[in-house]
Structure formats: C-alpha cells, structure tokens
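Down below is the structure, laid out as structure tokens.
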Amino acid sequence: MLFSIRKGYDPALPGAPRQSVEDAAPVGSAAILGADCPGLRPALAVAAGDPVRRGQVLFTDRRHPAIAYVSPLTGVVEAIDFGPRRTLSAMVLRRTAETGPEDGAGPPAPTGDARETLLARGLWPAFLARPFGRVPAPDGTPVAILVSATDSNPLAPDPRVVLADRRPAFDRGLTVLAALTAGPVFVAQPPGAGLAAAAGDRIRAVEISGPHPAGLPGAQLYRLRPEIGPGKVWTIGYQDVAAIGHLFATGDYRSERVVALGGPRARDPRLVRTIMGASLRDLTSGEVAPGGRGGFARILSGSVLAGREAAWLGRHHHQVTILDARPEARRLSLPRWLGRSRRGPRPLIASERLEGLLPFGIPPVPLMRALAVGDSETAERLGALDLVEEDVALLSCFCTSGADYGRLLRRVLDELAEAA
Amino acid sequence: MNPLTLSAATDAAPFLRGRWEPAQVTLAQAAALLPPLAVVLVAGGGPQALLLATALAVTLFWETLFALLRGRAWSWHGVTTALVVAVMVPAGAPLWQPALALSLGVVLGELIFGGRGFGFLAAGVVALAFLRYSFAAIPFAGDGGAVAIATLPGTALLLYLRLISWRVALAAFLGFAAASLVTGQPLDPGATGASLAFGLVFLICDPFGAASTNAGRWLYGALAGGLAAAFDTAPGAAVAPEAIVFAALLASIFAPLLDHAAVLVIARIRRRRHG
C-alpha cells in the first residue's frame, strides 16, 4: 500500500543531521519525566539514594498498578520531584560507573504473555492510544497498532538508517505487537524501505510519502481509518519496537535511543546513540557551535514544531534541536506611547494558505476557531479526536493570531476524555 | 504567507513561526490599494486628496479611541478601509457625509467586535453601504478602466500572499456570468471586467468578510457574483458599483452560514468514512 499525502509543509532549516549513527559520550544522568505521562501519580518502588540497575522497576502507576516504569541506566536515584497532587514531575537517575550492555544481566528472555511482559518490564509506556494520545490502559485492546517508521519532522533522523543494524529486533518486536491485537499491525515507512515485507499476514507494510506531517502517526492513521474502522488505535515509535524485540529475544531492557542532534547551532549535526531520558546538558556538551547573540543556545527535546525546551530527552522524542537563545525583547515605542495599552489578542486571518496544511480531512479555520474558544463539541464533530498536539503544530506556525493550537487542542481533548 | 522563520521569541512550541502578523497583512493590503488610489488622486486632484485625508483621519480617530477605551494595542487596520472609500467615493459631496459613513462602517463593521479579524464583515463594505443608503446622491466611482488596470498589480500581490482567495474570485466571476445569462444582461469582457475589478478584489474578496472554508469560498463567491448581477440596474455591460457593494455586504452576512453548511457536510463525510 502506498499513500502519498499532498497537504503539509516542510520547513527548511539549517543544521540538517548527517544520517550516520555515531556513539555519543555517555551521559551522566537521565530522567523519567512527568511531562511524558501527564497526571501520573507514582507508587514508588525505590527511594532517593537507592542503587538501581538498568531495567529495574522504579515506580508503577497508582491508577494502573500493572504499568511499570523502569530505569534506563545503572546507577543511583538522585532525586524524585513531585508536581501538584503528588503527580510525578521527574525522577532523576545518576550513572555510577561506566558500564557496558552486559550490566543489565536481568532475568532470562521472557516466555510468558506479551502483554504482561511489556507491562512488567517497562515497555508499556511506549504505546500511545488514540484518541487522546495517552498511555493505554493495561487491559485495553486496540483494533489496530500503527508503527511509524517515518519521521517528517524538520531535522529528524532517518528511520531507515537508525534501524539498519536492528532489523532482527525490529521484526521480532512486530510479532510481539501482533499478539496484542486481533487486528492489523501497520508499519508505516518511507517508500522502498522494505520493512516488514514478509512478516506475517497481520503485519502490513504501508508506504507513506509527502511533506510534514505525513510522517506523523496522525496523518497515517487518517488514511488507514476506512480500513481499520472505528475504535482505539495504539501508536508506537520504531525504536521502541526494536527495544521490545530485543527484550523478548534476550531478556535485556535496552534503553538505547538514537537521536538526531541538529539545528542552526549544532556544531556537528549528526545522529548519536544515547539513552532514553538522557540529560541534554551532558548530551550536548561540546556540541553547541559558538555564535548567536551572547553565545547562548536553547536546547529543545524534539523538533522545532512539536518539541519543548527541556533539560532531559523526552520519552517519545527522536531528536534534539539546538537553536539560538531568545534575544532580549525589543522595546516597542507605540504601545508605550499609548500608555496603558498592552498587547491584546490577535485575530486569526482565514488565509487560504491554512487549507493546505492539514491532511486530516478537517477544515482548518473552523477547527482553529473551535479550539480557540474551547468549543469541544464542535472540535469533536470536526475530527479533533483524530489529532494530538504535534498534528496541529503547522497551524500555530502559520496563524497570525500567535496561538499555540497544540495546547488548545490538549485542553479540548482533556475535556472530551473526562466526558468519555 | 511564507516563509517560516525560527522565532526566538516564542516560549512554547512551535519554535517556528510565520512572520505574518495582522499589521503586516494590513500593510500588504494598503500597498495593493496604492495604484488605484494614485489613479483616482490624479483624476480627482485636490478635492480627492482632501477626501482621502478626511477618511484617514476618521478611521485613525476611531482606532485610537477604541484602543484607549478598551486598553488594547493601537492598530492601523482602518487605513485600508479609508483607502477603499477614498477610491470608491468621488470628491464633490460634503466631506461630513463620507466621514459619517466611515465612522459607522469602522465602528459597527469592525471595532465593536474587537477589531479587525474578530467580526464577520469588511468595514469598507459596511461604510460604502451606509453611504449609499443615507446619501444616495453621491455616485460611486471605481468603474473606470484606469482603476481596473491599476488594480492588477495589487491583485497579483494579494493572490501571491494568499490574502485573497482565487476560489472566491473565480466563483464570483462565474456566479456573475451565470446570473447575467439568466437576467439577459449583456456581457462585455472589457466593460464588465473593468467595472467589476476593483470591487471584486477589495470588497468581495476581502478576507475579513469572505467565507473561511474552501467549499464556503466557492459558495460565497458564487453568491456574491450572482447578487451583483441581480442588483445591477445600470443599462449596458458595465456593473454599477452599488450593486457590488450590496452584493458583498449580503454575501458577507451569509458567509458564516455557508461555512456552517460546509462544515456540516464535511463532518458527515468524515463520519461515513470513519464508520
């Protein structure tokens, strides 16, 4: 199956990464972030100062005790920070010794049920269930699973390069996924990637081409929907599928993550091998090119479209973008001249340009208006349940209002999730 | 509305932003209006310049007053409204008449909604409609061949920047032609096109009065074009500017309804597709 998606936009940015994987200097610390599992209240299995091994359970979700979160490295628990209402803010882990892959000599290769193994061994949070884009419930069953071995974000790594030496693990991971659903497991990939070519009748290759957001699960799912029918669909990143395959083959929790270091201030834009939740300060030390205003740089976890300024690599992020630091706000004399006037809301100008950005069969301007006023009923009717934040990032880029439609969409989705 | 630039000023995603802000849209529209304005000024001379100055002063007065009253940033969007009126209204009438119409147009068409982009009407259309209703003795201009030719560069600019929709323009043209065939009005590419050009680009296609979905744009354009032909009582192939003004006004009023209908259809198609 080949889908060529026409709508979208590929922004041109300096600092595209060289598509070859190199080892990065090992990071000194890593973190599990509350930002990746919003609202999660942890039931702790470790305390600050405890030594942990890679793959060891750190905490479980209080609401779903079956879902375990595990350590990406061998070291000690340095800090556990809580947000409001005892939700997790971050659990920071510090590496204690230079250790190779053999240090996680954990239990042998799992033989039991795929679902239980994924839950207990910390790979369940790799899934995101649509609608809403949250970690699925432990007893949920999707009508289909979508693996997106595509990445159309600006300056993203090429999944074909990342998976080049992990094909057996990836294929093994796909068979594990097939055990979780009675429906199909779609493997979205660039044309000619040849992934999952002969993996089984329920594992289906889908070739996707087109500008961003064609590489995001949202756009792919919209094209696959008529075939799948209604119901929950889980999405998972390609590197997590390889990690699942590795776990089932060897029993080892592989926290390795290949990320693209790119952006206008990246000294040597390339792909590097690091770990999940890696400290971005450690990862980017010596990677920031001098220049810019004052020399400071901003480090984003994720792309310029959907990433966030962060100290740690996000769970679902496959790239780190290094940008110029924010300049000092220029003083405008006109508002000052008007004395007490402040910057009011700016209007949305319904330019035809917006029409070509959303490959979801959703008219953009009515959606933007519904999101701007928090009209969840209209947003749902328009198809907001098929979207998550990253899918509407281009609208925020091109809209004259300056609104962040991702944040507005999340507010609407939270409201709909509560009502559901 | 290209290209995107890395914006160092944003605190949250996306860190990439288009450079377009509403004030720059106004700048582009004002630039597009300059050639027809120059033609009118050359033809009208001093009195026309006085009318232009009055129009600018009135709109900026209201913009400033509302900025102060509402405690919001001052904007100069009213300038394009003033320019449209200065092109369409010939000098000669007492200046307070267009000034009053402009005041009503800017305030009721735009500012009471919260400023440009928050309402559903184009302020210039509202002002011209007021002027027509209240002071019917003032004839509208804007149908000269020179003005039509001078509209072309601005049209190209606005189309390139996607600030006017080619769908609306084409649909209006088709709607006008179809309605003219029905009413049996003569169609002459030269005269009809010349009389239609300015009103089509700056009144009917104004993004703040037009529909905002692609299907809605087709319907809106066809409605506006059809109404313009229906309202046109002037003999001959040329279209009366009044007809375009009132067609744009009525079509703008119907634009949200057309959008709503389009959204209903799109949502239904989507439901059927997704099962």
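Following the order of the structure tokens, chains are lettered A, B, ..., residues in each are numbered from 1, and ligands are numbered from 1.
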Task: Residues of region 46-193 of chain B in alpha helix (DSSP H), written as a PyMOL selection string - done: chain B and resi 46-70+78-88+96-109+123-134+145-160+166-183+189-193
Open item on the list: Select, as a VMD selection string, those residues of chain B with any atom no more than 8 Å from chain A (distances computed using only C-alpha atoms).
Closed with: chain B and resid 1 4 8 to 9 12 to 18 20 to 22 67 to 68 71 to 74 116 to 118 162 to 165 207 to 208 212 to 214 263 266 to 267 270 273 to 275
Writer output for current selection, C-alpha atoms, as a PDB file, in the first residue's frame:
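Writing the result to part32.pdb gives the following:
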ATOM      1  CA  MET B   1       2.194  33.617   3.694  1.00  0.00           C
ATOM      2  CA  LEU B   4       8.527  30.410   8.261  1.00  0.00           C
ATOM      3  CA  ALA B   8      13.497  33.236  19.107  1.00  0.00           C
ATOM      4  CA  ALA B   9      10.659  34.998  20.839  1.00  0.00           C
ATOM      5  CA  ALA B  12       6.479  27.203  23.643  1.00  0.00           C
ATOM      6  CA  ALA B  13       6.147  25.012  20.593  1.00  0.00           C
ATOM      7  CA  PRO B  14       6.210  25.615  17.766  1.00  0.00           C
ATOM      8  CA  PHE B  15       9.511  27.431  17.790  1.00  0.00           C
ATOM      9  CA  LEU B  16       8.980  28.172  14.154  1.00  0.00           C
ATOM     10  CA  ARG B  17       6.587  30.942  13.279  1.00  0.00           C
ATOM     11  CA  GLY B  18       5.307  32.635  10.196  1.00  0.00           C
ATOM     12  CA  TRP B  20       2.898  37.407   9.299  1.00  0.00           C
ATOM     13  CA  GLU B  21       1.120  39.472  11.833  1.00  0.00           C
ATOM     14  CA  PRO B  22      -2.169  41.282  11.299  1.00  0.00           C
ATOM     15  CA  ALA B  67      -7.561  51.385  21.671  1.00  0.00           C
ATOM     16  CA  LEU B  68      -7.745  53.796  24.600  1.00  0.00           C
ATOM     17  CA  GLY B  71      -6.973  49.252  26.780  1.00  0.00           C
ATOM     18  CA  ARG B  72      -5.620  47.443  23.754  1.00  0.00           C
ATOM     19  CA  ALA B  73      -2.705  47.917  21.454  1.00  0.00           C
ATOM     20  CA  TRP B  74      -3.307  50.562  18.843  1.00  0.00           C
ATOM     21  CA  ARG B 116     -10.259  43.633  12.526  1.00  0.00           C
ATOM     22  CA  GLY B 117     -10.447  39.888  12.187  1.00  0.00           C
ATOM     23  CA  PHE B 118     -12.893  39.406  15.038  1.00  0.00           C
ATOM     24  CA  ARG B 162      -2.832  34.213  -0.365  1.00  0.00           C
ATOM     25  CA  LEU B 163      -4.563  37.157   1.267  1.00  0.00           C
ATOM     26  CA  ILE B 164      -7.375  36.878  -1.232  1.00  0.00           C
ATOM     27  CA  SER B 165      -8.749  33.579  -2.398  1.00  0.00           C
ATOM     28  CA  PRO B 207     -10.569  38.031   3.683  1.00  0.00           C
ATOM     29  CA  PHE B 208     -12.389  39.505   6.656  1.00  0.00           C
ATOM     30  CA  SER B 212     -13.290  30.629   5.585  1.00  0.00           C
ATOM     31  CA  THR B 213     -13.614  27.080   4.266  1.00  0.00           C
ATOM     32  CA  ASN B 214     -12.818  26.083   0.714  1.00  0.00           C
ATOM     33  CA  VAL B 263     -18.686  22.109   7.937  1.00  0.00           C
ATOM     34  CA  ILE B 266     -17.523  17.771   5.781  1.00  0.00           C
ATOM     35  CA  ALA B 267     -18.334  16.306   9.206  1.00  0.00           C
ATOM     36  CA  ARG B 270     -15.926  12.182   7.768  1.00  0.00           C
ATOM     37  CA  ARG B 273     -15.622   7.464   6.096  1.00  0.00           C
ATOM     38  CA  HIS B 274     -14.559   6.557   9.607  1.00  0.00           C
ATOM     39  CA  GLY B 275     -17.538   4.320  10.278  1.00  0.00           C
TER      40      GLY B 275
END
TODO: Write out as a list in words which residues come within 8 Å of Leu121 (chain B) when counting only C-alpha atoms, dropping same-chain ones fewer than 2 positions away.
DONE: Gly109, Glu110, Gly119, Ala123, Val125, Val126, Phe208, Gly209, Ala210, Leu249, Ser252 and Ile253 of chain B
Only N, CA and C atoms, please: the residues just picked out, written as a compact mmCIF listing (two decimals), in the first residue's frame.
# COMPACT_ATOMS: atom_id res chain seq x y z
N GLY B 109 -18.76 47.76 11.75
CA GLY B 109 -18.29 46.62 10.98
C GLY B 109 -17.11 45.93 11.63
N GLU B 110 -16.38 46.64 12.50
CA GLU B 110 -15.11 46.10 12.94
C GLU B 110 -14.87 46.29 14.43
N GLY B 119 -14.66 40.28 13.60
CA GLY B 119 -16.04 40.40 13.14
C GLY B 119 -16.29 39.50 11.95
N ALA B 123 -15.12 46.20 6.81
CA ALA B 123 -15.54 47.54 7.23
C ALA B 123 -15.78 48.45 6.04
N VAL B 125 -16.93 47.69 3.11
CA VAL B 125 -18.23 47.36 2.52
C VAL B 125 -19.35 47.99 3.34
N VAL B 126 -19.22 47.88 4.66
CA VAL B 126 -20.25 48.44 5.53
C VAL B 126 -20.32 49.95 5.35
N PHE B 208 -11.67 39.37 5.39
CA PHE B 208 -12.39 39.50 6.66
C PHE B 208 -13.89 39.41 6.48
N GLY B 209 -14.36 39.49 5.23
CA GLY B 209 -15.78 39.34 5.00
C GLY B 209 -16.12 38.02 4.31
N ALA B 210 -15.10 37.38 3.76
CA ALA B 210 -15.35 36.19 2.95
C ALA B 210 -15.50 34.95 3.83
N LEU B 249 -21.94 42.94 0.75
CA LEU B 249 -22.50 43.03 2.10
C LEU B 249 -23.39 41.82 2.40
N SER B 252 -21.42 38.60 2.62
CA SER B 252 -20.67 38.52 3.87
C SER B 252 -21.56 38.10 5.02
N ILE B 253 -22.78 38.62 5.01
CA ILE B 253 -23.72 38.26 6.07
C ILE B 253 -24.03 36.76 6.00
Open item on the list: I'd like the neighbourhood of region 32-43 of chain A as a ChimeraX atom specification, where a residue qualifies if any of its atoms comes within 9 Å (using only C-alpha atoms), though same-chain residues fewer than 6 positions away should be ignored.
Closed with: /A:58-63,65,69-72,82-83,85-93,125,134-135,276-277,312-316
Just the selected residues (N, CA, C and O atoms), exported as a compact mmCIF listing (two decimals), in the first residue's frame, please.
# COMPACT_ATOMS: atom_id res chain seq x y z
N LEU A 58 11.17 1.28 38.78
CA LEU A 58 11.32 2.44 39.65
C LEU A 58 10.03 2.79 40.35
O LEU A 58 10.00 3.12 41.52
N PHE A 59 8.95 2.73 39.60
CA PHE A 59 7.64 3.01 40.19
C PHE A 59 6.58 2.46 39.26
O PHE A 59 6.86 2.11 38.11
N THR A 60 5.36 2.36 39.78
CA THR A 60 4.23 1.95 38.96
C THR A 60 3.19 3.06 39.01
O THR A 60 3.25 3.96 39.84
N ASP A 61 2.26 2.98 38.09
CA ASP A 61 1.19 3.97 38.02
C ASP A 61 0.16 3.61 39.10
O ASP A 61 -0.32 2.49 39.16
N ARG A 62 -0.14 4.57 39.98
CA ARG A 62 -1.05 4.28 41.08
C ARG A 62 -2.44 3.89 40.57
O ARG A 62 -3.13 3.09 41.17
N ARG A 63 -2.84 4.47 39.45
CA ARG A 63 -4.16 4.15 38.92
C ARG A 63 -4.17 2.79 38.23
O ARG A 63 -5.14 2.05 38.28
N PRO A 65 -1.75 -0.17 38.57
CA PRO A 65 -0.51 -0.68 39.18
C PRO A 65 0.25 -1.65 38.29
O PRO A 65 1.42 -1.93 38.53
N TYR A 69 7.37 1.47 35.35
CA TYR A 69 8.34 2.36 34.70
C TYR A 69 9.71 1.95 35.21
O TYR A 69 9.91 1.78 36.43
N VAL A 70 10.66 1.77 34.29
CA VAL A 70 11.93 1.17 34.68
C VAL A 70 13.09 2.12 34.40
O VAL A 70 12.97 3.09 33.65
N SER A 71 14.21 1.78 34.99
CA SER A 71 15.38 2.65 34.90
C SER A 71 16.11 2.47 33.57
O SER A 71 16.35 1.35 33.13
N PRO A 72 16.48 3.57 32.92
CA PRO A 72 17.24 3.45 31.67
C PRO A 72 18.73 3.22 31.89
O PRO A 72 19.46 3.01 30.92
N PHE A 82 8.08 15.90 42.75
CA PHE A 82 6.64 15.77 42.53
C PHE A 82 6.06 17.09 42.05
O PHE A 82 6.54 18.16 42.39
N GLY A 83 5.00 16.96 41.25
CA GLY A 83 4.25 18.13 40.83
C GLY A 83 3.02 18.28 41.69
O GLY A 83 2.95 17.70 42.78
N ARG A 85 -0.54 17.68 43.30
CA ARG A 85 -1.34 16.49 43.64
C ARG A 85 -0.53 15.21 43.54
O ARG A 85 -1.01 14.20 43.04
N ARG A 86 0.70 15.25 44.00
CA ARG A 86 1.58 14.08 44.04
C ARG A 86 1.76 13.43 42.67
O ARG A 86 1.98 12.22 42.57
N THR A 87 1.60 14.21 41.62
CA THR A 87 1.95 13.66 40.31
C THR A 87 3.46 13.69 40.17
O THR A 87 4.14 14.45 40.86
N LEU A 88 3.96 12.87 39.26
CA LEU A 88 5.40 12.84 39.05
C LEU A 88 5.82 14.07 38.25
O LEU A 88 5.20 14.43 37.27
N SER A 89 6.87 14.72 38.71
CA SER A 89 7.46 15.77 37.90
C SER A 89 8.68 15.20 37.18
O SER A 89 8.76 15.26 35.96
N ALA A 90 9.60 14.62 37.94
CA ALA A 90 10.75 13.95 37.32
C ALA A 90 11.42 13.04 38.33
O ALA A 90 11.45 13.34 39.53
N MET A 91 11.92 11.93 37.86
CA MET A 91 12.78 11.09 38.69
C MET A 91 14.14 11.07 38.00
O MET A 91 14.26 10.65 36.86
N VAL A 92 15.13 11.59 38.71
CA VAL A 92 16.46 11.74 38.11
C VAL A 92 17.36 10.62 38.60
O VAL A 92 17.41 10.31 39.79
N LEU A 93 18.05 10.00 37.64
CA LEU A 93 18.94 8.87 37.96
C LEU A 93 20.35 9.24 37.53
O LEU A 93 20.55 9.80 36.45
N PRO A 125 4.68 1.94 28.49
CA PRO A 125 4.52 3.38 28.22
C PRO A 125 5.01 3.80 26.84
O PRO A 125 4.89 4.97 26.49
N ARG A 134 -2.62 9.08 24.94
CA ARG A 134 -2.12 8.79 26.28
C ARG A 134 -1.75 7.31 26.37
O ARG A 134 -2.17 6.50 25.54
N VAL A 135 -0.99 6.94 27.40
CA VAL A 135 -0.62 5.54 27.60
C VAL A 135 -1.89 4.71 27.77
O VAL A 135 -2.75 5.07 28.58
N MET A 276 17.42 6.70 26.66
CA MET A 276 16.15 7.37 26.91
C MET A 276 16.27 8.29 28.11
O MET A 276 16.92 7.95 29.09
N GLY A 277 15.65 9.43 28.03
CA GLY A 277 15.64 10.37 29.15
C GLY A 277 16.99 11.00 29.43
O GLY A 277 17.21 11.56 30.51
N TRP A 312 15.93 17.32 29.72
CA TRP A 312 16.02 15.87 29.55
C TRP A 312 15.36 15.48 28.23
O TRP A 312 14.41 16.11 27.78
N LEU A 313 15.84 14.39 27.66
CA LEU A 313 15.26 13.90 26.42
C LEU A 313 13.88 13.28 26.69
O LEU A 313 13.75 12.44 27.58
N GLY A 314 12.88 13.69 25.93
CA GLY A 314 11.53 13.18 26.16
C GLY A 314 11.39 11.74 25.71
O GLY A 314 12.12 11.25 24.86
N ARG A 315 10.40 11.06 26.31
CA ARG A 315 10.16 9.64 26.04
C ARG A 315 9.93 9.36 24.57
O ARG A 315 10.35 8.34 24.04
N HIS A 316 9.21 10.25 23.90
CA HIS A 316 8.82 10.00 22.51
C HIS A 316 9.59 10.86 21.52
O HIS A 316 9.19 10.99 20.38
- [ ] One decimal, Å: what's the distance from CA of Pro290 (chain A) over to CA of Pro269 (chain A), could you say?
- [x] 13.9 Å
Env of Leu203 (chain B): 8 Å cut, atoms = only C-alpha atoms, seq-sep filter 4 positions within chain, self excluded. Answer as a PDB file with N, CA, C and O atoms, in the first residue's frame.
ATOM      1  N   ALA B 122     -16.576  43.139   6.187  1.00  0.00           N
ATOM      2  CA  ALA B 122     -15.486  44.017   5.794  1.00  0.00           C
ATOM      3  C   ALA B 122     -15.929  45.452   6.053  1.00  0.00           C
ATOM      4  O   ALA B 122     -16.995  45.878   5.594  1.00  0.00           O
ATOM      5  N   GLY B 124     -14.968  48.300   4.993  1.00  0.00           N
ATOM      6  CA  GLY B 124     -15.147  49.149   3.823  1.00  0.00           C
ATOM      7  C   GLY B 124     -16.503  48.923   3.174  1.00  0.00           C
ATOM      8  O   GLY B 124     -17.183  49.881   2.746  1.00  0.00           O
ATOM      9  N   VAL B 125     -16.927  47.688   3.109  1.00  0.00           N
ATOM     10  CA  VAL B 125     -18.232  47.361   2.520  1.00  0.00           C
ATOM     11  C   VAL B 125     -19.353  47.990   3.345  1.00  0.00           C
ATOM     12  O   VAL B 125     -20.286  48.588   2.811  1.00  0.00           O
ATOM     13  N   PHE B 198     -12.216  46.331  -9.339  1.00  0.00           N
ATOM     14  CA  PHE B 198     -11.851  46.869  -8.022  1.00  0.00           C
ATOM     15  C   PHE B 198     -12.751  46.307  -6.920  1.00  0.00           C
ATOM     16  O   PHE B 198     -12.288  45.859  -5.879  1.00  0.00           O
ATOM     17  N   GLY B 199     -14.055  46.325  -7.173  1.00  0.00           N
ATOM     18  CA  GLY B 199     -14.994  45.829  -6.156  1.00  0.00           C
ATOM     19  C   GLY B 199     -14.795  44.358  -5.872  1.00  0.00           C
ATOM     20  O   GLY B 199     -14.888  43.909  -4.731  1.00  0.00           O
ATOM     21  N   ILE B 244     -22.166  45.943  -6.561  1.00  0.00           N
ATOM     22  CA  ILE B 244     -21.086  45.133  -5.992  1.00  0.00           C
ATOM     23  C   ILE B 244     -21.034  45.323  -4.480  1.00  0.00           C
ATOM     24  O   ILE B 244     -20.851  44.372  -3.721  1.00  0.00           O
ATOM     25  N   VAL B 245     -21.223  46.568  -4.030  1.00  0.00           N
ATOM     26  CA  VAL B 245     -21.174  46.848  -2.599  1.00  0.00           C
ATOM     27  C   VAL B 245     -22.245  46.048  -1.865  1.00  0.00           C
ATOM     28  O   VAL B 245     -21.970  45.355  -0.876  1.00  0.00           O
ATOM     29  N   ALA B 248     -21.602  42.313  -1.936  1.00  0.00           N
ATOM     30  CA  ALA B 248     -20.566  41.923  -0.981  1.00  0.00           C
ATOM     31  C   ALA B 248     -21.117  41.931   0.436  1.00  0.00           C
ATOM     32  O   ALA B 248     -20.820  41.034   1.242  1.00  0.00           O
TER      33      ALA B 248
END
Open item on the list: List as a PyMOL selection string the protein and nucleic acid residues near Ala86 (chain B), meaning an atom at most 12 Å away when only C-alpha atoms are counted, but skip any in the same chain fewer than 2 places from it.
Closed with: chain B and resi 33-34+36-41+44+47-59+79-84+88-91+95+98-99+102+124+127-128+140-142
TODO: Go through A:Gly140, A:Pro157, A:Gly245, A:Pro213 one by one, measure the shortest atom-to-atom distance of each to Arg6 (chain A) using only C-alpha atoms, and give the residue with the smallest value.
DONE: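 When distances to Arg6 (chain A) are compared using only C-alpha atoms, the smallest one comes from A:Pro213.
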Open item on the list: Just the number, please: distance in Å from CA of Pro186 (chain B) to CA of Ala237 (chain B), one decimal.
Closed with: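 These two atoms are separated by 5.2 Å.
The gap separating CA of Arg53 (chain A) from CA of Thr74 (chain A) is 4.2 Å, in Å to one decimal.
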Open item on the list: Restricting the calculation to only C-alpha atoms: of B:Ala255, B:Ala32, B:Arg272, B:Leu65, which residue gets closest to Val201 (chain B)?
Closed with: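 When distances to Val201 (chain B) are compared using only C-alpha atoms, the smallest one comes from B:Ala32.
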